[in-house]
Each structure stands twice: as structure tokens, then as C-alpha cells.
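*Asks:* My structure file start_32.txt, compact mmCIF, C-alpha atoms and all ligand atoms, is below:
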# COMPACT_ATOMS: atom_id res chain seq x y z
CA MET A 30 21.13 34.93 -13.13
CA ILE A 31 23.76 37.47 -12.12
CA LEU A 32 22.88 39.90 -9.34
CA PHE A 33 24.47 43.06 -7.95
CA ASP A 34 23.63 44.42 -4.48
CA ALA A 35 24.11 48.16 -4.99
CA HIS A 36 23.99 49.04 -1.28
CA CYS A 37 24.39 47.18 2.01
CA HIS A 38 26.27 47.27 5.34
CA LEU A 39 28.27 44.05 5.59
CA GLU A 40 30.71 45.37 8.21
CA ASP A 41 27.74 45.74 10.58
CA ASP A 42 28.23 44.01 13.94
CA SER A 43 25.22 41.79 13.27
CA PHE A 44 27.35 39.89 10.71
CA ASP A 45 30.33 39.36 13.03
CA THR A 46 29.45 35.75 13.84
CA ASP A 47 28.65 34.43 10.36
CA ARG A 48 29.94 36.91 7.73
CA GLU A 49 31.59 34.17 5.64
CA GLU A 50 28.37 32.13 5.49
CA VAL A 51 26.40 35.22 4.47
CA LEU A 52 28.87 35.88 1.63
CA ALA A 53 28.78 32.22 0.57
CA ARG A 54 24.97 32.35 0.34
CA ALA A 55 25.26 35.54 -1.70
CA ARG A 56 27.55 33.84 -4.23
CA GLU A 57 25.23 30.84 -4.29
CA ALA A 58 22.29 33.15 -5.13
CA GLY A 59 24.21 34.56 -8.12
CA LEU A 60 25.66 37.76 -6.68
CA ILE A 61 28.74 39.01 -8.47
CA LYS A 62 29.11 42.13 -6.34
CA ALA A 63 27.84 43.90 -3.22
CA VAL A 64 28.78 47.50 -2.41
CA THR A 65 29.05 47.93 1.33
CA SER A 66 28.67 51.40 2.85
CA PRO A 67 30.18 51.90 6.31
CA LEU A 68 28.44 54.69 8.23
CA SER A 69 31.28 55.94 10.45
CA HIS A 70 35.05 56.29 10.50
CA GLU A 71 35.27 53.25 12.77
CA GLU A 72 33.03 51.11 10.53
CA ALA A 73 35.01 52.23 7.48
CA LEU A 74 38.24 50.95 9.03
CA LYS A 75 36.49 47.65 9.73
CA ALA A 76 35.21 47.42 6.15
CA LEU A 77 38.66 48.19 4.74
CA SER A 78 40.25 45.49 6.87
CA TYR A 79 37.63 42.88 5.91
CA PHE A 80 37.01 43.60 2.26
CA ARG A 81 40.14 45.19 0.78
CA GLY A 82 40.93 43.09 -2.29
CA SER A 83 37.65 41.11 -2.14
CA ASP A 84 36.23 40.12 -5.53
CA LEU A 85 32.69 40.05 -4.12
CA VAL A 86 32.50 43.09 -1.82
CA SER A 87 33.45 46.63 -2.84
CA ILE A 88 33.52 49.58 -0.46
CA SER A 89 31.86 53.01 -0.53
CA ILE A 90 32.78 55.24 2.42
CA GLY A 91 30.19 57.67 3.79
CA LEU A 92 28.86 59.03 7.04
CA ASP A 93 25.56 58.70 8.86
CA VAL A 94 23.64 62.00 8.69
CA GLY A 95 23.16 61.84 12.47
CA GLU A 96 26.94 62.44 12.82
CA TYR A 97 27.10 65.58 10.65
CA GLY A 98 27.17 67.82 13.73
CA ASP A 99 30.53 66.33 14.74
CA GLU A 100 33.09 68.25 12.67
CA GLU A 101 35.96 66.01 13.77
CA GLU A 102 34.12 62.90 12.58
CA VAL A 103 33.28 64.63 9.28
CA MET A 104 36.96 65.56 8.77
CA ARG A 105 38.17 62.07 9.75
CA THR A 106 35.78 60.54 7.22
CA ILE A 107 36.83 62.94 4.45
CA GLU A 108 40.52 62.14 5.11
CA LEU A 109 39.82 58.42 5.07
CA ILE A 110 38.02 58.73 1.73
CA GLU A 111 40.95 60.70 0.28
CA GLU A 112 43.53 58.23 1.61
CA ASN A 113 41.60 55.26 0.22
CA ARG A 114 40.54 56.76 -3.09
CA ASP A 115 41.98 53.77 -4.99
CA GLU A 116 40.25 51.22 -2.72
CA ILE A 117 36.72 52.62 -2.82
CA VAL A 118 34.16 52.59 -5.63
CA ALA A 119 31.98 55.48 -4.43
CA VAL A 120 31.39 58.16 -1.81
CA GLY A 121 28.36 57.60 0.44
CA GLU A 122 25.93 57.01 1.75
CA VAL A 123 25.66 60.71 2.43
CA GLY A 124 22.62 62.97 2.15
CA LEU A 125 19.84 64.69 4.02
CA ASP A 126 17.59 63.29 6.74
CA TYR A 127 14.93 65.68 8.02
CA ARG A 128 13.61 63.05 10.42
CA VAL A 129 16.99 63.17 12.16
CA ALA A 130 16.83 66.99 12.15
CA SER A 131 13.36 67.06 13.71
CA ALA A 132 14.47 64.54 16.36
CA GLY A 133 17.15 66.97 17.61
CA GLY A 134 20.01 65.83 15.35
CA PRO A 135 22.06 68.08 13.05
CA SER A 136 20.00 70.96 11.62
CA ARG A 137 18.82 70.99 8.01
CA GLU A 138 21.31 73.78 7.22
CA ARG A 139 24.25 71.89 8.73
CA GLN A 140 23.21 68.70 6.90
CA GLU A 141 23.15 70.52 3.58
CA GLU A 142 26.55 72.09 4.18
CA VAL A 143 28.16 68.71 4.95
CA PHE A 144 26.29 66.98 2.11
CA ARG A 145 27.70 69.54 -0.37
CA ARG A 146 31.24 68.91 0.91
CA PHE A 147 30.84 65.17 0.27
CA ILE A 148 29.35 65.85 -3.17
CA ARG A 149 32.34 68.02 -4.14
CA LEU A 150 34.73 65.41 -2.78
CA ALA A 151 33.11 62.71 -4.92
CA GLU A 152 33.35 64.93 -7.99
CA GLU A 153 36.99 65.73 -7.24
CA LEU A 154 37.82 62.03 -6.89
CA ASP A 155 35.63 61.14 -9.89
CA LYS A 156 33.48 58.70 -7.88
CA PRO A 157 29.73 58.12 -7.98
CA LEU A 158 27.66 59.26 -5.02
CA VAL A 159 25.44 56.97 -2.91
CA VAL A 160 22.68 59.17 -1.53
CA HIS A 161 20.53 58.83 1.56
CA SER A 162 17.28 60.80 1.73
CA LEU A 163 14.58 60.57 4.37
CA TRP A 164 11.74 63.07 4.60
CA ALA A 165 13.95 65.11 2.25
CA GLN A 166 13.71 63.58 -1.21
CA ARG A 167 12.98 66.82 -3.05
CA PRO A 168 15.67 68.87 -1.23
CA VAL A 169 18.21 66.13 -1.98
CA LEU A 170 17.33 66.18 -5.68
CA SER A 171 17.62 69.98 -5.77
CA VAL A 172 21.08 69.97 -4.15
CA LEU A 173 22.32 67.24 -6.51
CA ASP A 174 20.99 69.17 -9.49
CA GLU A 175 22.52 72.46 -8.33
CA GLU A 176 25.88 70.75 -7.87
CA GLY A 177 25.59 69.18 -11.33
CA VAL A 178 26.28 65.64 -10.14
CA THR A 179 26.06 63.04 -12.90
CA ARG A 180 26.69 59.65 -11.25
CA VAL A 181 24.07 59.14 -8.55
CA ILE A 182 22.61 56.12 -6.75
CA LEU A 183 19.51 57.18 -4.78
CA HIS A 184 19.60 54.50 -2.12
CA ALA A 185 16.27 53.07 -0.83
CA PHE A 186 14.52 55.96 -2.53
CA GLY A 187 11.05 56.79 -1.27
CA GLY A 188 10.15 59.81 -3.38
CA LYS A 189 7.02 60.64 -5.35
CA PRO A 190 6.54 59.68 -9.02
CA SER A 191 7.54 63.25 -10.02
CA ASP A 192 10.79 62.86 -8.03
CA VAL A 193 11.54 59.60 -9.83
CA GLU A 194 10.93 61.35 -13.15
CA PHE A 195 13.24 64.21 -12.14
CA ALA A 196 16.01 61.74 -11.26
CA ALA A 197 15.53 59.51 -14.30
CA ALA A 198 15.63 62.54 -16.63
CA ARG A 199 19.13 63.26 -15.29
CA GLY A 200 20.33 59.69 -15.76
CA TRP A 201 20.49 58.99 -12.03
CA PHE A 202 19.77 55.56 -10.60
CA ILE A 203 16.95 54.69 -8.23
CA SER A 204 17.95 51.90 -5.88
CA VAL A 205 15.05 49.64 -4.89
CA ALA A 206 15.51 47.75 -1.62
CA THR A 207 14.33 44.25 -0.70
CA ASN A 208 11.42 45.65 1.32
CA VAL A 209 9.76 46.29 -2.07
CA ILE A 210 7.85 43.05 -1.59
CA ARG A 211 6.08 44.37 1.53
CA SER A 212 6.09 48.20 1.30
CA SER A 213 3.43 49.88 -0.85
CA ASN A 214 5.53 53.07 -1.01
CA VAL A 215 8.61 51.23 -2.30
CA ARG A 216 6.44 49.27 -4.71
CA SER A 217 5.05 52.48 -6.21
CA VAL A 218 8.59 53.82 -6.65
CA ALA A 219 9.50 50.56 -8.45
CA GLU A 220 6.40 50.83 -10.62
CA VAL A 221 7.28 54.26 -11.96
CA THR A 222 11.05 53.71 -12.23
CA PRO A 223 12.12 52.66 -15.73
CA LEU A 224 14.23 49.48 -15.58
CA ASP A 225 16.99 51.41 -17.32
CA ASN A 226 17.27 53.65 -14.24
CA MET A 227 16.91 50.95 -11.59
CA VAL A 228 19.45 49.17 -9.44
CA LEU A 229 18.70 46.72 -6.63
CA GLU A 230 19.94 46.79 -3.07
CA SER A 231 19.41 44.82 0.12
CA ASP A 232 20.47 47.54 2.62
CA SER A 233 21.43 44.56 4.82
CA PRO A 234 21.07 44.12 7.73
CA VAL A 235 17.88 46.20 7.49
CA LEU A 236 14.89 46.32 5.07
CA ALA A 237 14.52 42.51 4.85
CA PRO A 238 11.62 41.01 2.91
CA ASP A 239 10.47 39.73 6.31
CA PRO A 240 10.84 42.65 8.75
CA ARG A 241 11.47 40.29 11.69
CA GLU A 242 14.63 38.94 10.07
CA ARG A 243 18.14 40.27 9.56
CA ASN A 244 18.54 41.02 5.87
CA GLU A 245 21.33 39.66 3.66
CA PRO A 246 22.35 40.15 0.01
CA ALA A 247 21.06 36.71 -1.10
CA ASN A 248 17.53 38.08 -0.54
CA LEU A 249 17.91 40.15 -3.71
CA ILE A 250 16.43 37.18 -5.53
CA HIS A 251 13.03 37.99 -3.95
CA SER A 252 13.16 41.56 -5.33
CA VAL A 253 14.04 40.27 -8.77
CA LYS A 254 11.01 37.97 -8.89
CA PHE A 255 8.70 40.63 -7.46
CA ILE A 256 9.84 43.37 -9.84
CA ALA A 257 9.65 40.97 -12.80
CA SER A 258 5.96 40.37 -12.11
CA LEU A 259 5.39 44.09 -11.50
CA LYS A 260 6.96 44.99 -14.86
CA GLY A 261 5.70 41.99 -16.81
CA VAL A 262 9.18 40.82 -17.81
CA SER A 263 11.26 37.78 -16.88
CA PRO A 264 13.37 37.65 -13.70
CA GLU A 265 16.40 37.10 -15.94
CA GLU A 266 15.72 40.39 -17.71
CA VAL A 267 15.37 42.30 -14.41
CA ALA A 268 18.63 40.76 -13.16
CA GLU A 269 20.50 41.48 -16.38
CA ILE A 270 19.38 45.11 -16.68
CA THR A 271 19.80 46.09 -13.00
CA THR A 272 23.20 44.38 -12.77
CA GLY A 273 24.30 46.13 -15.96
CA ASN A 274 23.16 49.48 -14.53
CA ALA A 275 25.04 48.96 -11.26
CA ARG A 276 28.22 47.94 -13.08
CA LYS A 277 27.94 51.02 -15.22
CA VAL A 278 27.39 53.56 -12.44
CA TYR A 279 30.08 52.05 -10.17
CA CYS A 280 32.44 51.37 -13.10
CA ILE A 281 32.96 47.72 -12.10
ZN ZN B 301 22.04 51.87 4.06
Go ahead and render the structure in this file as C-alpha cells.

*Replies:*
Amino acid sequence: MILFDAHCHLEDDSFDTDREEVLARAREAGLIKAVTSPLSHEEALKALSYFRGSDLVSISIGLDVGEYGDEEEVMRTIELIEENRDEIVAVGEVGLDYRVASAGGPSRERQEEVFRRFIRLAEELDKPLVVHSLWAQRPVLSVLDEEGVTRVILHAFGGKPSDVEFAAARGWFISVATNVIRSSNVRSVAEVTPLDNMVLESDSPVLAPDPRERNEPANLIHSVKFIASLKGVSPEEVAEITTGNARKVYCI
């Protein structure tokens, strides 16, 4: 079985003591690729120093929505993306997070303004976009549609069946995280997502199959088995199709 982790955070501090073992277990489980998404300028520098030239880990640079109010951080991140255009496979995660807005973070308007700048940057650099959406699935889909984005990975998507349909009709990819085995919301997204529009992610270190544990890419194997039984196909078929989709959207 060959597996592809479409979204995770391997530069996260929680991997500082055993990153090599985590990557070895990923290879052992059949992973051919994991796309790591640093969430700040500082994390992006860390990811570039660890994973530049890695055959297993590719990098997508984005910015946590909670930081969108900090114009200097936004500009630093945009410059870093431009400087490293040949090193990275995507822009993101970027997006909208209305939970952050209602908790006193950047306003909805400011989030949308910054999100559109990242979208245009991805288009200009001809990179796919890794999208974060929380409490804002429909607004995210509308902005992406208005901007005419074609290569989209909707990371850990929690939208309604009609949102999944909207995304699938545009050829976008729904990324199902490893918490699918315990979350009824994620399971219903997986149920309505055609396999041809699905990629798999761990979102390590979060969204583990067991919420008490740190997540890691090797856990993708649990999603594969779960989704296979959900769809009534073999685990091999789920692995083959989702890996093929991820390779296609990331061009790797
Ligand atoms: Zn993430």
C-alpha cells in the first residue's frame, strides 16, 4: 500500500525529540510523501532547514489565521513564499476561521482580505492552495469560487453535504483527517465525498485517532481501513486512489 499524507505539521515542537523515528514509522507504514504546513514565518524557516531536499517530506508555507491581524507577519510570510517558490509544493494552510474572529482575533473582513492575497499569490506562483476553514466553510467556498481557484485542498473539511458537492463539482479535493474514525461529522463528510475527490491527511500532531495521543503520519493506515469499510471497497483501492489524487493536485 502506498500512502500520501496531504497535510501535517512535522516541524511542530512536539516532534523535536523523535522526528527521525516518526518519519521512519511513516515510511514503514507505506508513506511515500507527507506535505508539512508551517503556520508562521518562524516555523517555515524551521521546516525549510529540516526538510529541504527530503524525498519524504514536502513543504507548503502558510500562516495561521490568528496571525492575520499582524501585517508584518503577513508580509514576512508572503516574502518567504516568494523566495522559496522552487522549494515549496503549495501555499497554505490559509483560509477563514470565524471561531478565531468571535474569540477576539482578526475580524472576518480582515481574514478575507488576507486570504485573497494568499490565493492570488498561489495563482501567480502556479501552486495549489491548502485551505483552512472553521465555522466558515461556505464563505471559504464562495471566496475560492469568486477567485476562480482550480487546485484546492480543503484541509480537515467539516462542511455540509451540499458544501462537499459544491467543492467536488469544481474538481477540488476534500482532505479527510485521521479523526474520521471517531468524529461523526468527519465521517459524514467522508461518506458523501467521492473517492475521486478525496485525499487523506493526519494533521499531525493533532486530530489523532485517539484524542489523548500525539498524531503522526503513520496513523493514516487507520483512516484507510475505516474509509474502505465505509465505502465498501478494499483498503488498497482507497490508498491507491487517494495517493493518486494527492500526487495530482500537488504535482508530485
Ligand atoms: Zn493543520

*Asks:* Give me the residues of chain A that have any atom at most 8 Å from an atom of ligand ZN 301 (chain B); for each, the nearest atom pair and the distance in Å, rounded to one decimal. Use only C-alpha atoms and all ligand atoms, sort by chain and number, and format it as CSV.

*Replies:*
residue,atom,partner,partner_atom,distance
A:His36,CA,B:ZN301,ZN,6.4
A:Cys37,CA,B:ZN301,ZN,5.6
A:His38,CA,B:ZN301,ZN,6.4
A:Ser66,CA,B:ZN301,ZN,6.8
A:Glu122,CA,B:ZN301,ZN,6.8
A:His161,CA,B:ZN301,ZN,7.5
A:His184,CA,B:ZN301,ZN,7.1
A:Ala185,CA,B:ZN301,ZN,7.7
A:Asp232,CA,B:ZN301,ZN,4.8
A:Ser233,CA,B:ZN301,ZN,7.4
A:Val235,CA,B:ZN301,ZN,7.8

*Asks:* Please list as a PyMOL selection string every residue within 12 Å of Glu176 in chain A, counting all atoms listed in the file and excluding residues in the same chain fewer than 3 positions away.

*Replies:* chain A and resi 141+144-152+158+169-173+179-181

*Asks:* Separation of CA of Asp225 in chain A and CA of Ile31 in chain A, in Å?

*Replies:*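 Distance between the two atoms: 16.3 Å.
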
*Asks:* For each of A:Lys156, A:Arg243, A:Arg139, A:Arg81, take the minimum atom-to-atom distance to Asp42 in chain A, counting all atoms listed in the file, then give the residue where this is smallest.

*Replies:* A:Arg243

*Asks:* Please measure the separation of CA of Glu142 in chain A and CA of Glu116 in chain A, giving the value in Å to one decimal.

*Replies:* 25.9 Å

*Asks:* At a cut-off of 9 Å, using only C-alpha atoms, what residues contact Phe33 in chain A? Leave out same-chain residues fewer than 3 positions from it and give the result as a short mmCIF file (atom, residue, chain, number, x, y, z; two decimals) with C-alpha atoms, in the frame of the given file.

*Replies:*
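After the write, out.cif holds the following:
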data_model
loop_
_atom_site.label_atom_id
_atom_site.label_comp_id
_atom_site.auth_asym_id
_atom_site.auth_seq_id
_atom_site.Cartn_x
_atom_site.Cartn_y
_atom_site.Cartn_z
CA HIS A 36 23.99 49.04 -1.28
CA GLY A 59 24.21 34.56 -8.12
CA LEU A 60 25.66 37.76 -6.68
CA ILE A 61 28.74 39.01 -8.47
CA LYS A 62 29.11 42.13 -6.34
CA ALA A 63 27.84 43.90 -3.22
CA VAL A 64 28.78 47.50 -2.41
CA VAL A 228 19.45 49.17 -9.44
CA LEU A 229 18.70 46.72 -6.63
CA GLU A 230 19.94 46.79 -3.07
CA PRO A 246 22.35 40.15 0.01
CA LEU A 249 17.91 40.15 -3.71
CA ALA A 268 18.63 40.76 -13.16
CA THR A 271 19.80 46.09 -13.00
CA THR A 272 23.20 44.38 -12.77
CA GLY A 273 24.30 46.13 -15.96
CA ALA A 275 25.04 48.96 -11.26
CA ARG A 276 28.22 47.94 -13.08
#

*Asks:* Which of these residues is nearest to Met30 in chain A, using all atoms listed in the file: A:Ala206, A:Glu265, A:Glu175, A:Ile281?

*Replies:*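 Ranked by minimum distance to Met30 in chain A, first place goes to A:Glu265.
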
*Asks:* Could you pull the residues within 6 Å of Phe202 in chain A, counting all atoms listed in the file, minus those fewer than 6 positions along the same chain, as a list in words?

*Replies:*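 Neighbouring residues, sequence-local ones excluded: Val181, Ile182, Asn226 and Met227 of chain A.
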
*Asks:* What separation in Å, quoted to one decimal, exists between CA of Pro135 in chain A and CA of Pro240 in chain A?

*Replies:*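 Atom-to-atom, CA of Pro135 in chain A and CA of Pro240 in chain A are spaced 28.1 Å apart.
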
*Asks:* Per residue of range 133-237 of chain A within 7 Å of range 91-106 of chain A, what are the shortest atom pair and its distance in Å to one decimal, counting all atoms listed in the file, with rows by chain and residue number, as a tab-separated table?

*Replies:*
residue	atom	partner	partner_atom	distance
A:Gly134	CA	A:Gly95	CA	5.8
A:Pro135	CA	A:Gly98	CA	5.2
A:Gln140	CA	A:Tyr97	CA	6.2
A:Val143	CA	A:Tyr97	CA	6.6

*Asks:* Selection from above, C-alpha atoms, as a PDB file, in the coordinates of the input, can you write it?

*Replies:*
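Saved result, part18.pdb, follows:
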ATOM      1  CA  GLY A 134      20.010  65.830  15.350  1.00  0.00           C
ATOM      2  CA  PRO A 135      22.060  68.080  13.050  1.00  0.00           C
ATOM      3  CA  GLN A 140      23.210  68.700   6.900  1.00  0.00           C
ATOM      4  CA  VAL A 143      28.160  68.710   4.950  1.00  0.00           C
TER       5      VAL A 143
END
